[in-house]
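A.B. asks: The structure under discussion is supplied below as structure tokens; questions concerning it will follow.
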Amino acid sequence: MNRFAWLLDRLAYEPRRNGKLALIADYLRTTPDPDRGYALAAMTGGLVFQNAKPGLIRALIAERTDPVLFALSYDYVGDLSETVALMWPAANANPSPSWGGAGVGGERPGERSSGGAPPTSLSSPQGGGEAPLSVSVASGHNRAPLTLPDVVAGLQKSGKTEMPRLIASWLDALDETGRWALLKLITGSLRIGVSARLAKTAAASLGGIAPDEVEQVWHGLEPPYTALFAWLEGSGARPEATDPAPFRPVMLSHAIEDGDFDKLDAGEFAAEWKWDGIRVQAVAGTRPDGSRVVRLYSRTGEEIGGAFPDLTEALTQDGALDGELLVMRDGVVQSFNTLQQRLNRKQVTPKMLAEFPAHIRAYDLLAEGDDDLRAHPYTERRDRLEAFLGRLDSARFDLSPCIPFASWEELTEARADPASAGAGADAEAVEGCMLKRLDSPYLPGRPKGYWYKWKRDARLVDCVLMYAQRGHGKRSSFYSDYTFGVWRVGEEGADELVPVGKAYFGFTDEELIEIDRYVRKNTLNRFGPVREVTHTASSGLVFEVAFEGLQRSTRHKSGIAMRFPRISRIRWDKPPGEADRIEALEALLPAGG
Amino acid sequence: MKPSDLLTPTPAGLYCPPADIYIDPVRPVARALITHGHSDHARAGHGAVLATRETLAIMALRYGEAFTSSQQAAAPGETVRIGAVDVRFVPAGHVLGSAQVVVEHKGLRIVVSGDYKRERDPTCAPFEPITCDVFITEATFGLPVFRHPPAHAETAKLLDSVRLFPERTHIVGAYSLGKAQRLMALIREAGYERPIYIHGAVEKITEFYRVEGIPLGEIRKVEPGERKAEGRKAFAGEIVICPPSAIQDLWSRRFPDPVTAFASGWMRVRARARQKGVELPLIISDHADWDDLQATIREVGAGEIWITHGEAEALAHWCGTVGLKGTPLHLVGYGDEGEAEPDAKPAEEASA
């Protein structure tokens with residue numbers, strides 16, 4: 001547990017991506033199985049503990065601290081795990097009639113021993129795995145030889161009634177960093193700036209292979225990934241991708257810019273409507289024993305199938321579809337707002353299934369049966385997709401049609417009036433066009449030159465929430481004024497967010513409550529009534545902001561002022577790293593304006 | 001007499017009507033008592049200043065000899081009568097020269113503790129608890145999440161890192177009055193004998209500490225030319241102490257592959273460290289932590305606790321749970337230097 005805690009602690013303080021990669025790779029290289037596998041599982045979201053949830057942590061700390069002081073502390077620190085780790089009373093402190101720590105009868109000020117102190121988190125870890133909590137400075141707290149596999153096993157196997165006591169005993173035995181790491185493990189959101197992808201990239205580096213190769217075998221693996229490490233280190237065979245329905249990293253597009261059309265040949269591209277839904281991957285496969293597996297993934301590979309039984313039941317053919325999740329009523333695509341009412345639900349009622357029937361409008365086929373189609377050109381995949389959907393013959397799935405066009409001028413006209421260019425009654429749900437090179441393979445990430453998105457003129461831009469300010473009147477207790485930014489290349493060459501506007505309407509009261517909760521949970525800093533909210537490439541909240549126009553401005557850091565910005569959608573599903581860049585806005589500036 | 005007749009919060013600071021004096025006023029006044037040299041407590045432009053000899057010297061170093069029209073040194077523990085009020089300066093353990101001010105009149109005793117800490121500090125006299133009726137305390141770290149680990153353990157963390165990365169320069173942000181010198185002394189106590197390098201903004205105060213007889217070992221200022229080209233390599237494996245604002249400056253990036261450290265009680269909270277891009281947080285504070293605030297309040301035996309700045313609500317709430325009357329004073333203007341504000345910029349850095 002110590003080594004794992006040490007790793008998380010170092011990662012939390014390491015700002016550089018390469019630094020994080022090096023730390024994780026070094027840990028994986030020097031830590032034995034099964035410890036390293038569980039650490040990898042923790043970083044990739046692969047550990048779920050049925051009976052250990054954040055609510056239990058809150059209950060444990062509530063028994064031990066004054067509620068007012070806990071609330072003030074939580075509000076100050078802004079992170080449940082860290083607040084509890086810091087406030088957890090020392091197990092060997094004298095029982096004190098007061099809340100929170102040693103009274104006068106305890107240690108004398110100025111003479112505290114090192115025994116009650118957290119150890120040095122930066123002292124280097126001992127080689128060769130989980131040495132029984134060993135760090136040089138403190139010996140008082142970390143006395144239990146608690147290993148990561150022990151902890152994982154305990155969290156997985158213990159029942160509801162014994163869990164609180166087990167966790168409390170661990171928290172008593174660990175130092176602050178250990179407590180923090182344990183609580184992060186339990187609450188499931190590490191928030192240390194490490195994505196699943198980054199952790200897999202670090203694992204891949206052990207074998208000197210591309211991260212996508214790890215992705216390909218990933219979904220057949222279970223923690224602690226012993227076979228994976230054996231393969232990476234050359235002592236074992238490549239693990240069979242035994243998962244018959246794995247996630248395949250999605251292919252993303254670039255925003256098209258005005259000048260691009262001069263360089264692109266209309267004859268080399270196909271065009272499709274860009275649907276205003278949620279990008280998903282629907283995958284079905286059959287195990288050797290004949291049983292079928294159907295999964296629905298978000299664009300980042302998160303499994304969301306549980307909330308969409310209507311879709312998973314309907315996917316009766318084996319294959320991997322890339323498409324847009326929509327709500328369809330009477331054959332017509334409904335607005336994004338309607339779709340949102342089906343999203344983020346853990347359980348769906350029959351009523352909801354009937355009122356918000358889910359649908360996938362497919363635009364790509366990544367695999368058919370056991371056949372990986374991703375290296376094949378777009379046109380061929382498209383033909384196979386059409387045939388696949390024909391065989392599937394389900395009203396839940398249809399083909400995203402192509403827009404016929406012979407020149408960019410024709411496409412421009414079609415885009416200006418989707419209703420009469422083939423989208424018909426669904427035109428309301430069109431948010432622009434997608435351009436796809438006819439010969440493009442399906443490549444993970446955002447490769448250059450293959451796919452372009454050409455959003456409709458409604459002037460929408462995906463921004464990242466940076467600051468939130470308390471509102472007034474009926475919103476006085478809510479953070480309701482939002483400052484948001486887009487990405488640009490900073491002075492150091494690294495990407496940074498630059499604020500481009502501020503908006504305080506466009507969302508419902510229910511959404512406001514959700515955003516407010518998000519702001520409070522993800523506060524980095526407070527400046528009077530203003531809170532700075534987490535905004536990194538991997539963690540933060542994306543708003544789709546609608547606006548009427550742009551002007552150059554010397555008063556704003558970004559050099560741009562937005563006219564009438566409002567929140568048009570809250571993109572809970574979108575990673576901040578995929579929000580728009582300043583170039584996308586600059587391209588919209590009136591020439592010479 | 002009511003305590004508020006003896007001392008009362010005003011926009012200029014704590015005012016004592018029967019003596020017509022202010023304590024740590026934030027605006028120019030005729031007569032001021034100054035607890036210590038940090039710029040939010042010690043400001044220039046008062047008519048007359050009464051403070052410890054060290055605090056007067058620090059003010060003169062920072063603001064020039066003309067920082068006040070007249071000055072008087074207070075000897076520690078010695079009572080001075082001002083009007084009908086007895087005033088005494090007692091060590092506060094915060095930085096060199098720091099003192100609590102004990103104000104006594106008609107049998108009522110109020111202690112203005114200024115900023116203070118209880119942990120051992122090799123560079124200044126330790127805090128002396130004085131029994132009183134009203135104890136006026138800060139609450140910079142007045143939340144139960146703030147429990148400072150022993151400073152020597154944090155110092156070991158720094159030296160471990162220096163051993164681990166002998167090719168990198170360790171840039172340590174530390175407030176230029178007090179923290180920087182305490183850190184030097186701690187590093188020496190840990191047995192580190194190499195020269196410690198400093199930013200120009202830390203030089204004057206460090207020299208003063210040395211003249212006052214505090215052993216800091218060999219301290220070298222980083223000369224502007226040294227950081228260029230061939231000079232850079234010389235800093236591999238060395239420790240450089242600079243004001244907090246310099247750790248994110250271009251200044252620090254000129255060193256070879258620097259490890260960014262920051263010595264502050266704020267480093268207890270991860271988000272704070274990450275915001276500043278600190279890789280090696282050192283939880284070393286010159287303020288009392290949560291446990292020491294409580295222990296001190298109990299020790300001085302006061303029934304009434306006035307809280308000047310910091311997390312006043314939380315500490316006042318705790319006072320209530322143990323039967324004491326805790327009152328936040330909401331004094332404005334404190335926490336502009338040192339740890340009272342995480343993003344503080346000491347006055348002299350502007351010119352450094």
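Every chain in the structure tokens has a letter given in the order shown (A, B, ...), and although residue numbers restart at 1 in each chain, ligands are simply numbered from 1 in the order shown.
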Would you write out, as CSV, a table of all residues in stretch 93-138 of chain B that have an atom no more than 12 Å from an atom of stretch 71-81 of chain B, listing for each the closest atom pair and the distance in Å to one decimal, considering only C-alpha atoms and ordering rows by chain and rising residue number?

C.D. replies:
```
residue,atom,partner,partner_atom,distance
B:Gly97,CA,B:Pro76,CA,9.3
B:Ser98,CA,B:Pro76,CA,10.0
B:Ala99,CA,B:Pro76,CA,8.0
B:Gln100,CA,B:Pro76,CA,9.6
B:Val101,CA,B:Gly77,CA,9.8
B:Val102,CA,B:Thr79,CA,9.0
B:Val103,CA,B:Thr79,CA,9.6
B:Glu104,CA,B:Arg81,CA,9.5
B:His105,CA,B:Arg81,CA,10.0
B:Ala125,CA,B:Pro76,CA,10.1
B:Pro126,CA,B:Pro76,CA,11.9
B:Phe127,CA,B:Pro76,CA,11.7
B:Glu128,CA,B:Gly77,CA,10.0
B:Ile130,CA,B:Gly77,CA,10.8
```

A.B. asks: Pull all heavy atoms from the residues just selected and write them as an mmCIF file, in the first residue's frame.

C.D. replies:
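The resulting again06.cif:
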```
data_model
loop_
_atom_site.group_PDB
_atom_site.id
_atom_site.type_symbol
_atom_site.label_atom_id
_atom_site.label_comp_id
_atom_site.auth_asym_id
_atom_site.auth_seq_id
_atom_site.Cartn_x
_atom_site.Cartn_y
_atom_site.Cartn_z
ATOM 1 N N GLY B 97 12.607 38.227 16.428
ATOM 2 C CA GLY B 97 12.082 39.489 16.953
ATOM 3 C C GLY B 97 10.587 39.493 17.173
ATOM 4 O O GLY B 97 10.044 40.449 17.720
ATOM 5 N N SER B 98 9.895 38.460 16.784
ATOM 6 C CA SER B 98 8.432 38.472 16.901
ATOM 7 C C SER B 98 8.012 38.415 18.364
ATOM 8 O O SER B 98 8.650 37.763 19.185
ATOM 9 C CB SER B 98 7.817 37.292 16.137
ATOM 10 O OG SER B 98 8.139 36.078 16.772
ATOM 11 N N ALA B 99 6.943 39.128 18.685
ATOM 12 C CA ALA B 99 6.511 39.223 20.068
ATOM 13 C C ALA B 99 5.000 39.261 20.162
ATOM 14 O O ALA B 99 4.311 39.671 19.230
ATOM 15 C CB ALA B 99 7.088 40.487 20.710
ATOM 16 N N GLN B 100 4.512 38.789 21.311
ATOM 17 C CA GLN B 100 3.127 39.037 21.670
ATOM 18 C C GLN B 100 3.120 40.353 22.447
ATOM 19 O O GLN B 100 4.111 40.710 23.076
ATOM 20 C CB GLN B 100 2.592 37.939 22.588
ATOM 21 C CG GLN B 100 2.900 36.528 22.119
ATOM 22 C CD GLN B 100 2.542 35.508 23.191
ATOM 23 O OE1 GLN B 100 1.383 35.292 23.495
ATOM 24 N NE2 GLN B 100 3.565 34.896 23.781
ATOM 25 N N VAL B 101 2.011 41.041 22.428
ATOM 26 C CA VAL B 101 1.903 42.259 23.223
ATOM 27 C C VAL B 101 0.886 41.999 24.334
ATOM 28 O O VAL B 101 -0.268 41.664 24.058
ATOM 29 C CB VAL B 101 1.461 43.456 22.358
ATOM 30 C CG1 VAL B 101 1.290 44.691 23.235
ATOM 31 C CG2 VAL B 101 2.487 43.720 21.254
ATOM 32 N N VAL B 102 1.371 42.123 25.578
ATOM 33 C CA VAL B 102 0.485 41.936 26.732
ATOM 34 C C VAL B 102 0.033 43.321 27.193
ATOM 35 O O VAL B 102 0.854 44.183 27.520
ATOM 36 C CB VAL B 102 1.230 41.222 27.879
ATOM 37 C CG1 VAL B 102 0.271 40.953 29.040
ATOM 38 C CG2 VAL B 102 1.863 39.923 27.381
ATOM 39 N N VAL B 103 -1.272 43.532 27.174
ATOM 40 C CA VAL B 103 -1.833 44.835 27.541
ATOM 41 C C VAL B 103 -2.616 44.665 28.839
ATOM 42 O O VAL B 103 -3.493 43.794 28.923
ATOM 43 C CB VAL B 103 -2.771 45.343 26.423
ATOM 44 C CG1 VAL B 103 -3.365 46.690 26.781
ATOM 45 C CG2 VAL B 103 -2.013 45.428 25.099
ATOM 46 N N GLU B 104 -2.286 45.468 29.849
ATOM 47 C CA GLU B 104 -2.900 45.282 31.162
ATOM 48 C C GLU B 104 -3.375 46.616 31.721
ATOM 49 O O GLU B 104 -2.660 47.612 31.684
ATOM 50 C CB GLU B 104 -1.856 44.662 32.107
ATOM 51 C CG GLU B 104 -2.442 43.606 32.980
ATOM 52 C CD GLU B 104 -1.391 42.779 33.679
ATOM 53 O OE1 GLU B 104 -0.244 42.724 33.190
ATOM 54 O OE2 GLU B 104 -1.723 42.190 34.715
ATOM 55 N N HIS B 105 -4.605 46.616 32.231
ATOM 56 C CA HIS B 105 -5.160 47.861 32.760
ATOM 57 C C HIS B 105 -6.254 47.522 33.751
ATOM 58 O O HIS B 105 -7.166 46.751 33.441
ATOM 59 C CB HIS B 105 -5.720 48.690 31.587
ATOM 60 C CG HIS B 105 -6.244 50.025 32.007
ATOM 61 N ND1 HIS B 105 -5.509 50.923 32.756
ATOM 62 C CD2 HIS B 105 -7.430 50.631 31.757
ATOM 63 C CE1 HIS B 105 -6.233 52.019 32.946
ATOM 64 N NE2 HIS B 105 -7.407 51.868 32.356
ATOM 65 N N ALA B 125 13.291 33.055 19.499
ATOM 66 C CA ALA B 125 12.922 32.658 20.863
ATOM 67 C C ALA B 125 11.549 32.008 20.849
ATOM 68 O O ALA B 125 10.679 32.426 20.090
ATOM 69 C CB ALA B 125 12.913 33.894 21.768
ATOM 70 N N PRO B 126 11.350 30.980 21.685
ATOM 71 C CA PRO B 126 10.074 30.259 21.666
ATOM 72 C C PRO B 126 8.925 31.059 22.263
ATOM 73 O O PRO B 126 9.126 31.936 23.108
ATOM 74 C CB PRO B 126 10.360 29.008 22.510
ATOM 75 C CG PRO B 126 11.494 29.384 23.395
ATOM 76 C CD PRO B 126 12.321 30.386 22.635
ATOM 77 N N PHE B 127 7.727 30.724 21.818
ATOM 78 C CA PHE B 127 6.479 31.303 22.324
ATOM 79 C C PHE B 127 6.383 31.096 23.838
ATOM 80 O O PHE B 127 6.642 30.025 24.337
ATOM 81 C CB PHE B 127 5.308 30.608 21.634
ATOM 82 C CG PHE B 127 3.948 31.095 22.054
ATOM 83 C CD1 PHE B 127 3.300 32.083 21.328
ATOM 84 C CD2 PHE B 127 3.304 30.556 23.161
ATOM 85 C CE1 PHE B 127 2.030 32.519 21.697
ATOM 86 C CE2 PHE B 127 2.040 30.997 23.539
ATOM 87 C CZ PHE B 127 1.400 31.973 22.806
ATOM 88 N N GLU B 128 6.010 32.161 24.539
ATOM 89 C CA GLU B 128 5.803 32.047 25.991
ATOM 90 C C GLU B 128 4.330 32.221 26.291
ATOM 91 O O GLU B 128 3.776 33.295 26.066
ATOM 92 C CB GLU B 128 6.558 33.183 26.701
ATOM 93 C CG GLU B 128 7.891 32.789 27.260
ATOM 94 C CD GLU B 128 8.574 34.006 27.890
ATOM 95 O OE1 GLU B 128 7.928 34.728 28.677
ATOM 96 O OE2 GLU B 128 9.752 34.239 27.546
ATOM 97 N N ILE B 130 1.179 33.239 28.182
ATOM 98 C CA ILE B 130 0.895 34.175 29.270
ATOM 99 C C ILE B 130 -0.587 34.037 29.640
ATOM 100 O O ILE B 130 -1.461 34.200 28.785
ATOM 101 C CB ILE B 130 1.164 35.637 28.822
ATOM 102 C CG1 ILE B 130 2.612 35.804 28.350
ATOM 103 C CG2 ILE B 130 0.814 36.618 29.947
ATOM 104 C CD1 ILE B 130 3.663 35.664 29.429
#
```

A.B. asks: Run DSSP on the backbone and tell me which residues of stretch 86-296 of chain B come out as strand (DSSP E); list them as a PyMOL selection string.

C.D. replies: chain B and resi 86-91+99-105+108-112+134-139+170-173+196-198+219-221+239-242+259-263+280-282

A.B. asks: Kindly provide the residues of chain B that approach chain A to within 9 Å, each paired with its closest atom pair and their distance in Å to one decimal, based on only C-alpha atoms, listed by chain and increasing number, as CSV.

C.D. replies:
```
residue,atom,partner,partner_atom,distance
B:Lys117,CA,A:Gly110,CA,8.4
B:Arg118,CA,A:Gly110,CA,4.9
B:Glu119,CA,A:Gly110,CA,3.9
B:Arg120,CA,A:Gly110,CA,5.3
B:Asp121,CA,A:Gly110,CA,8.9
B:Pro126,CA,A:Gly110,CA,8.7
B:Leu143,CA,A:Ser73,CA,6.2
B:Pro144,CA,A:Met87,CA,5.8
B:Val145,CA,A:Leu86,CA,4.9
B:Phe146,CA,A:Leu86,CA,7.4
B:Arg147,CA,A:Leu86,CA,7.8
B:His148,CA,A:Ala117,CA,8.3
B:Pro149,CA,A:Ala117,CA,5.2
B:Pro150,CA,A:Ser114,CA,6.4
B:His152,CA,A:Ser114,CA,8.9
B:Ala153,CA,A:Val137,CA,6.2
B:Glu154,CA,A:Thr120,CA,6.8
B:Ala156,CA,A:Thr120,CA,7.7
B:Lys157,CA,A:Thr120,CA,5.5
B:Leu158,CA,A:Leu122,CA,8.1
B:Asp160,CA,A:Ser123,CA,5.9
B:Ser161,CA,A:Leu122,CA,6.7
B:Leu164,CA,A:Ser124,CA,7.7
B:Arg268,CA,A:Leu86,CA,8.5
B:Val269,CA,A:Val77,CA,6.6
B:Arg270,CA,A:Ala12,CA,7.7
B:Ala271,CA,A:Leu524,CA,6.0
B:Arg272,CA,A:Leu524,CA,7.6
B:Ala273,CA,A:Tyr13,CA,7.3
B:Arg274,CA,A:Tyr13,CA,5.9
B:Gln275,CA,A:Leu524,CA,7.5
B:Gly277,CA,A:Pro15,CA,6.7
B:Val278,CA,A:Tyr13,CA,6.6
B:Glu279,CA,A:Tyr13,CA,4.9
B:Leu280,CA,A:Tyr13,CA,7.3
B:Pro281,CA,A:Tyr13,CA,8.5
B:Trp290,CA,A:Gly101,CA,8.6
B:Asp291,CA,A:Gly101,CA,6.5
B:Asp292,CA,A:Pro109,CA,6.0
B:Gln294,CA,A:Gly103,CA,7.3
B:Ala295,CA,A:Val104,CA,5.3
B:Thr296,CA,A:Pro109,CA,7.9
B:Arg298,CA,A:Val104,CA,6.9
B:Glu299,CA,A:Val104,CA,7.4
B:Glu313,CA,A:Leu72,CA,8.6
B:Ala314,CA,A:Leu69,CA,6.1
B:Leu315,CA,A:Leu69,CA,8.7
B:His317,CA,A:Leu69,CA,7.8
B:Trp318,CA,A:Trp99,CA,7.9
B:Thr321,CA,A:Ser98,CA,7.1
B:Val322,CA,A:Ser98,CA,6.6
```

A.B. asks: Just want the 10 Å neighbourhood of B:Gly323, counted on only C-alpha atoms, with same-chain residues fewer than 4 positions away dropped. Output as a ChimeraX atom specification.

C.D. replies: /B:303-304,318-319

A.B. asks: Find the residues near B:Ala57: any atom within 10 Å, counting only C-alpha atoms, skip ones fewer than 3 places away on the same chain, and give them as a ChimeraX atom specification.

C.D. replies: /B:37,51-54,60-65,73,97,205,208

A.B. asks: Using only C-alpha atoms, determine which residues lie at most 10 Å from B:Glu212, disregarding the query and same-chain residues fewer than 5 positions distant; provide the list as a list in words.

C.D. replies: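 Counting only C-alpha atoms, the residues come to Glu54, Leu96, Thr123, Thr206 and Glu207 of chain B.
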
A.B. asks: What lies within 9 Å of stretch 327-332 of chain A using only C-alpha atoms, ignoring chain neighbours under 6 positions off, as a count of residues only?

C.D. replies: 14

A.B. asks: Tell me which protein, DNA and RNA residues are within 9 Å of A:Pro211, counting only C-alpha atoms, leaving out same-chain ones fewer than 2 positions away, and put them as number ranges by chain.

C.D. replies: A: 197-198, 200-205, 209, 213-216

A.B. asks: Enumerate the residues of stretch 49-133 of chain B with a DSSP assignment of helix (DSSP H, G or I), computed from the backbone, and present them as a ChimeraX atom specification.

C.D. replies: /B:53-63,65-67
